[in-house]
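Below: upload21.cif (mmCIF, C-alpha atoms and all ligand atoms)
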data_protein
#
loop_
_atom_site.label_atom_id
_atom_site.label_comp_id
_atom_site.auth_asym_id
_atom_site.auth_seq_id
_atom_site.Cartn_x
_atom_site.Cartn_y
_atom_site.Cartn_z
CA MET A 170 -89.78 -101.95 -38.00
CA GLN A 171 -87.48 -102.01 -41.04
CA ARG A 172 -90.12 -103.75 -43.16
CA THR A 173 -92.89 -101.42 -41.95
CA LEU A 174 -90.78 -98.38 -42.76
CA HIS A 175 -89.87 -99.77 -46.16
CA ASP A 176 -93.52 -100.41 -47.04
CA LEU A 177 -94.68 -97.02 -45.78
CA LEU A 178 -92.04 -95.11 -47.78
CA GLN A 179 -93.01 -97.16 -50.81
CA ALA A 180 -96.72 -96.39 -50.38
CA LEU A 181 -96.02 -92.67 -49.97
CA GLU A 182 -93.80 -92.62 -53.06
CA ASP A 183 -96.43 -94.46 -55.08
CA ALA A 184 -99.10 -91.96 -53.99
CA ALA A 185 -96.85 -89.04 -54.93
CA ARG A 186 -96.11 -90.58 -58.31
CA ARG A 187 -99.85 -90.79 -59.05
CA THR A 188 -100.04 -87.01 -58.69
CA GLY A 189 -96.78 -86.21 -60.43
CA ARG A 190 -95.40 -84.53 -57.30
CA PRO A 191 -92.18 -85.32 -55.43
CA PRO A 192 -92.49 -87.76 -52.49
CA PRO A 193 -93.45 -86.18 -49.16
CA ARG A 194 -91.15 -85.87 -46.18
CA LEU A 195 -91.97 -88.41 -43.51
CA LEU A 196 -92.25 -87.09 -39.95
CA ALA A 197 -92.14 -89.96 -37.45
CA VAL A 198 -94.44 -89.08 -34.55
CA SER A 199 -92.55 -90.25 -31.49
CA LYS A 200 -94.81 -88.88 -28.73
CA LEU A 201 -95.10 -91.27 -25.78
CA GLN A 202 -92.53 -93.58 -27.38
CA PRO A 203 -89.34 -94.28 -25.42
CA ALA A 204 -85.97 -92.95 -26.63
CA THR A 205 -84.89 -96.51 -27.46
CA ALA A 206 -87.70 -96.80 -30.04
CA VAL A 207 -86.69 -93.46 -31.55
CA ALA A 208 -83.06 -94.55 -31.86
CA GLU A 209 -84.16 -97.81 -33.44
CA LEU A 210 -86.28 -96.02 -36.03
CA ALA A 211 -83.45 -93.59 -36.81
CA GLY A 212 -81.24 -96.61 -37.53
CA ALA A 213 -83.89 -98.15 -39.78
CA MET A 214 -84.18 -94.84 -41.66
CA ARG A 215 -80.44 -94.66 -42.22
CA ARG A 216 -80.49 -98.17 -43.66
CA GLU A 217 -83.54 -97.47 -45.80
CA ARG A 218 -82.53 -94.04 -47.11
CA PRO A 219 -78.83 -93.37 -46.49
CA GLY A 220 -78.21 -89.66 -46.21
CA MET A 221 -81.81 -88.88 -45.22
CA ARG A 222 -81.99 -86.93 -41.95
CA PRO A 223 -84.77 -88.35 -39.76
CA LEU A 224 -87.62 -86.09 -38.65
CA PHE A 225 -89.31 -86.65 -35.30
CA GLY A 226 -92.55 -85.12 -34.05
CA GLU A 227 -93.28 -84.54 -30.37
CA ASN A 228 -96.41 -83.15 -28.71
CA TYR A 229 -95.14 -82.18 -25.29
CA VAL A 230 -92.28 -79.81 -24.46
CA GLN A 231 -91.26 -81.60 -21.28
CA GLU A 232 -91.20 -85.03 -22.89
CA ALA A 233 -89.26 -83.73 -25.90
CA ARG A 234 -86.63 -82.16 -23.65
CA ALA A 235 -86.01 -85.44 -21.82
CA LYS A 236 -85.96 -87.49 -25.02
CA GLN A 237 -83.55 -85.15 -26.78
CA ALA A 238 -81.22 -85.33 -23.77
CA ALA A 239 -81.35 -89.13 -23.87
CA LEU A 240 -80.59 -89.06 -27.60
CA ALA A 241 -77.86 -86.42 -27.56
CA GLY A 242 -75.67 -86.95 -30.60
CA LEU A 243 -78.49 -88.27 -32.80
CA ASP A 244 -78.63 -86.21 -35.98
CA ALA A 245 -82.35 -85.54 -36.38
CA GLU A 246 -84.76 -82.69 -36.96
CA TRP A 247 -87.27 -82.13 -34.12
CA HIS A 248 -90.77 -80.82 -34.77
CA LEU A 249 -93.32 -79.69 -32.20
CA ILE A 250 -96.75 -80.88 -33.37
CA GLY A 251 -98.76 -80.49 -30.15
CA HIS A 252 -100.62 -77.43 -28.92
CA LEU A 253 -98.23 -74.92 -27.38
CA GLN A 254 -99.16 -72.75 -24.40
CA SER A 255 -97.66 -69.27 -24.56
CA ASN A 256 -95.86 -69.76 -21.23
CA LYS A 257 -93.91 -72.65 -22.76
CA ALA A 258 -93.06 -70.81 -25.97
CA ALA A 259 -89.69 -69.52 -24.77
CA GLU A 260 -88.43 -73.02 -24.09
CA ALA A 261 -89.95 -74.53 -27.24
CA ALA A 262 -88.39 -71.83 -29.42
CA ASN A 263 -84.91 -73.23 -28.83
CA LEU A 264 -85.69 -76.91 -28.24
CA PHE A 265 -87.24 -77.52 -31.67
CA ASP A 266 -86.19 -76.95 -35.27
CA TRP A 267 -89.81 -76.53 -36.34
CA VAL A 268 -93.04 -75.55 -34.56
CA GLN A 269 -96.05 -76.74 -36.58
CA THR A 270 -98.79 -75.43 -34.30
CA VAL A 271 -98.65 -71.64 -34.46
CA ASP A 272 -102.28 -70.51 -34.43
CA ARG A 273 -102.33 -67.05 -32.85
CA PRO A 274 -100.32 -63.80 -33.01
CA LYS A 275 -99.34 -63.88 -29.35
CA LEU A 276 -97.64 -67.24 -29.79
CA ALA A 277 -95.80 -66.06 -32.91
CA ARG A 278 -94.49 -63.04 -31.03
CA ALA A 279 -93.38 -65.13 -28.04
CA LEU A 280 -91.55 -67.64 -30.25
CA GLY A 281 -89.89 -64.92 -32.31
CA ALA A 282 -88.73 -63.03 -29.22
CA ALA A 283 -87.27 -66.14 -27.59
CA ARG A 284 -85.53 -67.79 -30.53
CA ASP A 285 -81.75 -67.52 -30.28
CA PRO A 286 -80.74 -65.72 -33.52
CA GLU A 287 -77.47 -67.69 -33.54
CA ARG A 288 -79.48 -70.84 -34.33
CA GLY A 289 -81.06 -69.27 -37.40
CA PRO A 290 -84.79 -68.69 -37.77
CA LEU A 291 -87.25 -71.18 -36.28
CA ALA A 292 -89.29 -72.88 -39.03
CA VAL A 293 -93.00 -72.30 -38.48
CA LEU A 294 -96.20 -73.82 -39.82
CA LEU A 295 -99.59 -72.26 -39.18
CA GLN A 296 -102.09 -74.74 -37.78
CA VAL A 297 -105.48 -74.36 -39.45
CA ASN A 298 -108.75 -75.65 -37.97
CA ILE A 299 -109.87 -76.63 -41.45
CA ASP A 300 -113.19 -78.20 -40.47
CA ASP A 301 -114.17 -75.37 -38.09
CA GLU A 302 -114.45 -77.83 -35.22
CA PRO A 303 -115.49 -76.13 -31.99
CA GLY A 304 -112.87 -76.37 -29.25
CA LYS A 305 -110.14 -77.50 -31.63
CA HIS A 306 -106.84 -75.63 -31.89
CA GLY A 307 -105.79 -73.90 -35.09
CA CYS A 308 -106.67 -70.59 -36.69
CA ARG A 309 -109.81 -70.19 -38.77
CA PRO A 310 -109.16 -70.45 -42.51
CA GLN A 311 -110.27 -66.84 -42.96
CA ASP A 312 -107.66 -65.68 -40.40
CA MET A 313 -104.73 -67.47 -42.04
CA ALA A 314 -103.52 -64.62 -44.28
CA GLN A 315 -103.36 -62.11 -41.42
CA LEU A 316 -101.52 -64.54 -39.12
CA ALA A 317 -99.09 -65.34 -41.94
CA ARG A 318 -98.19 -61.66 -42.27
CA GLN A 319 -97.53 -61.49 -38.52
CA VAL A 320 -95.24 -64.53 -38.62
CA ALA A 321 -93.44 -63.24 -41.71
CA ALA A 322 -92.71 -59.97 -39.88
CA GLU A 323 -90.80 -61.80 -37.13
CA PRO A 324 -87.07 -61.83 -38.04
CA ASN A 325 -86.35 -64.97 -36.01
CA LEU A 326 -89.18 -67.01 -37.56
CA ALA A 327 -89.29 -68.53 -41.05
CA LEU A 328 -92.81 -69.09 -42.37
CA ARG A 329 -92.73 -72.47 -44.15
CA GLY A 330 -96.40 -73.40 -44.60
CA LEU A 331 -99.49 -74.99 -43.08
CA MET A 332 -100.46 -77.89 -40.86
CA ALA A 333 -103.87 -79.42 -40.21
CA ILE A 334 -105.54 -82.22 -38.29
CA PRO A 335 -108.83 -82.54 -40.18
CA ALA A 336 -111.91 -83.91 -38.46
CA PRO A 337 -111.65 -87.71 -38.29
CA TRP A 338 -114.55 -88.29 -40.71
CA PRO A 339 -115.15 -92.02 -41.07
CA ASP A 340 -115.96 -91.31 -44.73
CA MET A 341 -112.64 -91.07 -46.59
CA GLN A 342 -114.19 -88.92 -49.34
CA GLN A 343 -115.03 -86.34 -46.70
CA ARG A 344 -111.44 -86.42 -45.41
CA ARG A 345 -110.22 -85.98 -48.94
CA GLY A 346 -112.39 -82.86 -49.12
CA SER A 347 -110.69 -81.40 -46.02
CA PHE A 348 -107.24 -82.11 -47.50
CA ARG A 349 -108.29 -80.50 -50.76
CA ARG A 350 -109.41 -77.30 -48.99
CA MET A 351 -106.06 -77.23 -47.15
CA HIS A 352 -104.22 -77.51 -50.44
CA ALA A 353 -106.11 -74.52 -51.83
CA LEU A 354 -105.14 -72.46 -48.76
CA PHE A 355 -101.54 -73.64 -49.15
CA GLU A 356 -101.39 -72.47 -52.76
CA ALA A 357 -102.74 -69.06 -51.78
CA LEU A 358 -100.15 -68.79 -49.01
CA ARG A 359 -97.34 -69.85 -51.33
CA ASP A 360 -98.33 -67.16 -53.81
CA ALA A 361 -98.11 -64.51 -51.09
CA HIS A 362 -94.95 -65.62 -49.25
CA PRO A 363 -91.63 -66.75 -50.73
CA GLY A 364 -90.14 -69.65 -48.75
CA VAL A 365 -93.46 -71.42 -48.18
CA ASP A 366 -92.93 -75.04 -49.22
CA THR A 367 -94.59 -77.30 -46.64
CA LEU A 368 -98.11 -78.65 -46.29
CA SER A 369 -98.17 -80.99 -43.28
CA MET A 370 -101.24 -83.26 -43.26
CA GLY A 371 -102.11 -86.95 -43.16
CA MET A 372 -101.56 -89.42 -40.30
CA SER A 373 -101.44 -93.22 -40.06
CA ALA A 374 -105.01 -93.75 -41.24
CA ASP A 375 -105.00 -91.37 -44.21
CA ALA A 376 -101.41 -90.46 -45.17
CA THR A 377 -101.64 -91.71 -48.75
CA ILE A 378 -104.91 -89.83 -49.35
CA ALA A 379 -103.27 -86.67 -48.00
CA VAL A 380 -100.34 -87.14 -50.39
CA GLU A 381 -102.74 -87.57 -53.30
CA GLU A 382 -104.23 -84.20 -52.31
CA GLY A 383 -100.88 -82.43 -52.12
CA ALA A 384 -99.32 -83.04 -48.68
CA THR A 385 -95.56 -82.39 -48.75
CA MET A 386 -95.10 -83.81 -45.23
CA VAL A 387 -97.05 -86.57 -43.47
CA ARG A 388 -97.01 -87.21 -39.71
CA VAL A 389 -97.12 -90.91 -38.93
CA GLY A 390 -96.99 -92.48 -35.47
CA THR A 391 -98.91 -95.71 -34.94
CA ALA A 392 -98.29 -97.13 -38.40
CA LEU A 393 -94.52 -96.90 -37.75
CA PHE A 394 -94.06 -97.54 -34.04
CA GLY A 395 -97.18 -99.57 -33.29
CA GLU A 396 -99.72 -98.57 -30.66
CA ARG A 397 -98.60 -95.86 -28.28
CA PRO A 398 -98.33 -96.61 -24.57
CA SER A 399 -101.78 -95.45 -23.43
CA GLY A 400 -102.83 -92.81 -20.94
CA ARG A 401 -103.77 -89.19 -21.30
CA HIS A 402 -100.95 -86.74 -20.98
CA PRO A 403 -101.40 -84.10 -18.28
CA GLU A 404 -99.51 -81.48 -20.26
CA ASN A 405 -101.78 -81.68 -23.28
CA PRO A 406 -105.04 -83.47 -22.50
CA GLY A 407 -106.73 -82.46 -25.75
CA ALA A 408 -104.15 -83.95 -28.11
CA PRO A 409 -104.96 -87.00 -30.17
CA GLN A 410 -103.52 -89.98 -28.32
C1 LIG B 501 -100.36 -88.22 -32.62
C2 LIG B 501 -100.34 -87.32 -33.78
C3 LIG B 501 -100.08 -87.79 -35.08
C4 LIG B 501 -99.84 -89.26 -35.42
O1 LIG B 501 -101.01 -90.01 -35.30
P1 LIG B 501 -101.01 -91.56 -35.76
O2 LIG B 501 -102.46 -91.83 -35.98
O3 LIG B 501 -100.43 -92.34 -34.65
O4 LIG B 501 -100.24 -91.67 -37.00
C5 LIG B 501 -100.00 -86.87 -36.11
N1 LIG B 501 -100.19 -85.56 -35.89
C6 LIG B 501 -100.46 -85.07 -34.66
C7 LIG B 501 -100.65 -83.60 -34.49
C8 LIG B 501 -100.56 -85.92 -33.57
O5 LIG B 501 -100.83 -85.42 -32.37
#

Output the file's structure in the form of structure tokens.
Amino acid sequence: MQRTLHDLLQALEDAARRTGRPPPRLLAVSKLQPATAVAELAGAMRRERPGMRPLFGENYVQEARAKQAALAGLDAEWHLIGHLQSNKAAEAANLFDWVQTVDRPKLARALGAARDPERGPLAVLLQVNIDDEPGKHGCRPQDMAQLARQVAAEPNLALRGLMAIPAPWPDMQQRRGSFRRMHALFEALRDAHPGVDTLSMGMSADATIAVEEGATMVRVGTALFGERPSGRHPENPGAPQ
């Protein structure tokens, strides 16, 4: 795991250097991985980059709650990257440091109302359905600006940027095109809202391409932890497994 992490960080830094941008933040996608694997990766991160706070991404509220309890005392930042039902928003608002999948006004309102102000604002990314895939979560690109204004109006939310899961085109040039369109949206959002600094895109198969196209955060699971224990998750059957 140490070697894998070392090589991945190196590859991401090399990709960033090619574009002249700072290296992206690495979010380790720990969904369906046991707490022991998460603790092991946190240790590897501390050895690899002392002082770097590890970031973990979870897709399911229930699973994240159990894992955080098992890892109490671990200094890490927890991100929700799976689709969030409005009836789970109240719990998610205080379980996570970031929610990357805000895609509708109702969800923004529910998160903002539930976030404990003592904890500071919840960091929020808007999920964009960049390839207009039917049935996929995320707001339409043309609805992004309006949703951003609604999030920005919530005192207990901090609008930080955008997240996307582009269509898994086998053709990497086509994926690059999706990342490039996301980057254009990101620049428009950044111009309109101070505090926007995060473009979350790129997974195991295409993280370096995403960085070349301007990702500031990549979400990597399999390439760090190995294959996930299989099986569809009842809480979120549509999520990439
Ligand atoms: C599972 C997942 C990832 C990680 O996918 P890998 O291919 O394992 O790197 C990234 N983002 C989201 C939203 C996911 O659900």

Put the listed atoms of range 205-213 of chain A in a box along x, y and z with 6 Å added on every side and give me the centre and edge lengths in Å to one decimal, as JSON.
{"center_x": -84.5, "center_y": -95.8, "center_z": -33.6, "size_x": 18.5, "size_y": 16.7, "size_z": 24.3}

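Taking CA of Pro363 in chain A as the reference point, CA of Val380 in chain A is found at 22.2 Å.
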
Can you pull out every residue with an atom within 7 Å of ligand LIG 501 (chain B)? Use all atoms listed in the file and format it as a CSV table (one decimal) with C-alpha atoms, in the frame of the given file.
chain,number,residue,atom,x,y,z
A,198,VAL,CA,-94.4,-89.1,-34.6
A,200,LYS,CA,-94.8,-88.9,-28.7
A,228,ASN,CA,-96.4,-83.2,-28.7
A,250,ILE,CA,-96.8,-80.9,-33.4
A,251,GLY,CA,-98.8,-80.5,-30.2
A,334,ILE,CA,-105.5,-82.2,-38.3
A,372,MET,CA,-101.6,-89.4,-40.3
A,373,SER,CA,-101.4,-93.2,-40.1
A,374,ALA,CA,-105.0,-93.8,-41.2
A,388,ARG,CA,-97.0,-87.2,-39.7
A,389,VAL,CA,-97.1,-90.9,-38.9
A,390,GLY,CA,-97.0,-92.5,-35.5
A,391,THR,CA,-98.9,-95.7,-34.9
A,392,ALA,CA,-98.3,-97.1,-38.4
A,408,ALA,CA,-104.2,-84.0,-28.1
A,409,PRO,CA,-105.0,-87.0,-30.2
A,410,GLN,CA,-103.5,-90.0,-28.3

Range 312-320 of chain A: which residues within 7 Å, counting only C-alpha atoms, same-chain residues fewer than 6 positions away excluded, as a PDB file with C-alpha atoms, keeping the file's coordinate frame?
ATOM      1  CA  ARG A 273    -102.330 -67.050 -32.850  1.00  0.00           C
ATOM      2  CA  PRO A 274    -100.320 -63.800 -33.010  1.00  0.00           C
ATOM      3  CA  ALA A 277     -95.800 -66.060 -32.910  1.00  0.00           C
ATOM      4  CA  LEU A 326     -89.180 -67.010 -37.560  1.00  0.00           C
ATOM      5  CA  LEU A 328     -92.810 -69.090 -42.370  1.00  0.00           C
TER       6      LEU A 328
END

Fill in the blank from the handout: Of A:Leu264, A:Pro193, A:Pro335, A:Asn325, the one nearest to Asn298 in chain A when counting all atoms listed in the file is A:Pro335

Counting all atoms listed in the file, find the residues whose atoms lie at most 10 Å from (-108.6, -79.5, -39.6) (file coordinates) and write them out as a PDB file with C-alpha atoms, in the frame of the given file.
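Final output, saved to selection-v1.pdb:
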ATOM      1  CA  GLN A 296    -102.090 -74.740 -37.780  1.00  0.00           C
ATOM      2  CA  VAL A 297    -105.480 -74.360 -39.450  1.00  0.00           C
ATOM      3  CA  ASN A 298    -108.750 -75.650 -37.970  1.00  0.00           C
ATOM      4  CA  ILE A 299    -109.870 -76.630 -41.450  1.00  0.00           C
ATOM      5  CA  ASP A 300    -113.190 -78.200 -40.470  1.00  0.00           C
ATOM      6  CA  ASP A 301    -114.170 -75.370 -38.090  1.00  0.00           C
ATOM      7  CA  GLU A 302    -114.450 -77.830 -35.220  1.00  0.00           C
ATOM      8  CA  LYS A 305    -110.140 -77.500 -31.630  1.00  0.00           C
ATOM      9  CA  HIS A 306    -106.840 -75.630 -31.890  1.00  0.00           C
ATOM     10  CA  GLY A 307    -105.790 -73.900 -35.090  1.00  0.00           C
ATOM     11  CA  CYS A 308    -106.670 -70.590 -36.690  1.00  0.00           C
ATOM     12  CA  ARG A 309    -109.810 -70.190 -38.770  1.00  0.00           C
ATOM     13  CA  PRO A 310    -109.160 -70.450 -42.510  1.00  0.00           C
ATOM     14  CA  MET A 332    -100.460 -77.890 -40.860  1.00  0.00           C
ATOM     15  CA  ALA A 333    -103.870 -79.420 -40.210  1.00  0.00           C
ATOM     16  CA  ILE A 334    -105.540 -82.220 -38.290  1.00  0.00           C
ATOM     17  CA  PRO A 335    -108.830 -82.540 -40.180  1.00  0.00           C
ATOM     18  CA  ALA A 336    -111.910 -83.910 -38.460  1.00  0.00           C
ATOM     19  CA  PRO A 337    -111.650 -87.710 -38.290  1.00  0.00           C
ATOM     20  CA  ARG A 344    -111.440 -86.420 -45.410  1.00  0.00           C
ATOM     21  CA  SER A 347    -110.690 -81.400 -46.020  1.00  0.00           C
ATOM     22  CA  PHE A 348    -107.240 -82.110 -47.500  1.00  0.00           C
ATOM     23  CA  ARG A 350    -109.410 -77.300 -48.990  1.00  0.00           C
ATOM     24  CA  MET A 351    -106.060 -77.230 -47.150  1.00  0.00           C
ATOM     25  CA  MET A 370    -101.240 -83.260 -43.260  1.00  0.00           C
TER      26      MET A 370
END

Problem - Nearby residues, (-92.1, -85.5, -37.0) file frame, 12 Å, only C-alpha atoms, as a PyMOL selection string - result: chain A and resi 194-200+207+211+222-228+233+245-251+265-269+332+369-372+386-390+393

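When all atoms listed in the file are used to compute distances to Ala357 in chain A, the closest of the residues A:Ala321, A:Gln311, A:Val293, A:Glu209 turns out to be A:Gln311.
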
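With CA of Asp272 in chain A on one side and CA of Asp375 in chain A on the other, the separation reads 23.2 Å.
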
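Taking CA of Gly330 in chain A and CA of Ala204 in chain A as endpoints, the distance between them is 28.5 Å.
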
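If only C-alpha atoms are the atoms counted, then among A:Glu396, A:Glu323, A:Glu381, A:Glu287 the closest residue to Pro192 in chain A is A:Glu381.
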
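Taking only C-alpha atoms into account, Gln171 in chain A lies nearest to A:Arg218 out of the set A:Arg218, A:Pro191, A:Asn256, A:Pro203.
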
Exercise for the section: Return the single residue from A:Arg190, A:Gly383, A:Ala262, A:Arg329 that is closest to Arg288 in chain A, with distances computed using all atoms listed in the file. Expected result: A:Ala262

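Using only C-alpha atoms for every distance, the candidate list A:Ser399, A:Thr367, A:Thr173, A:Gln231 yields A:Gln231 as the residue closest to Leu253 in chain A.
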
Exercise for the section: Skip His352 in chain A itself and residues of its chain fewer than 6 positions away, then list as a ChimeraX atom specification all residues within 9 Å of it, counting all atoms listed in the file. Expected result: /A:368,382-384
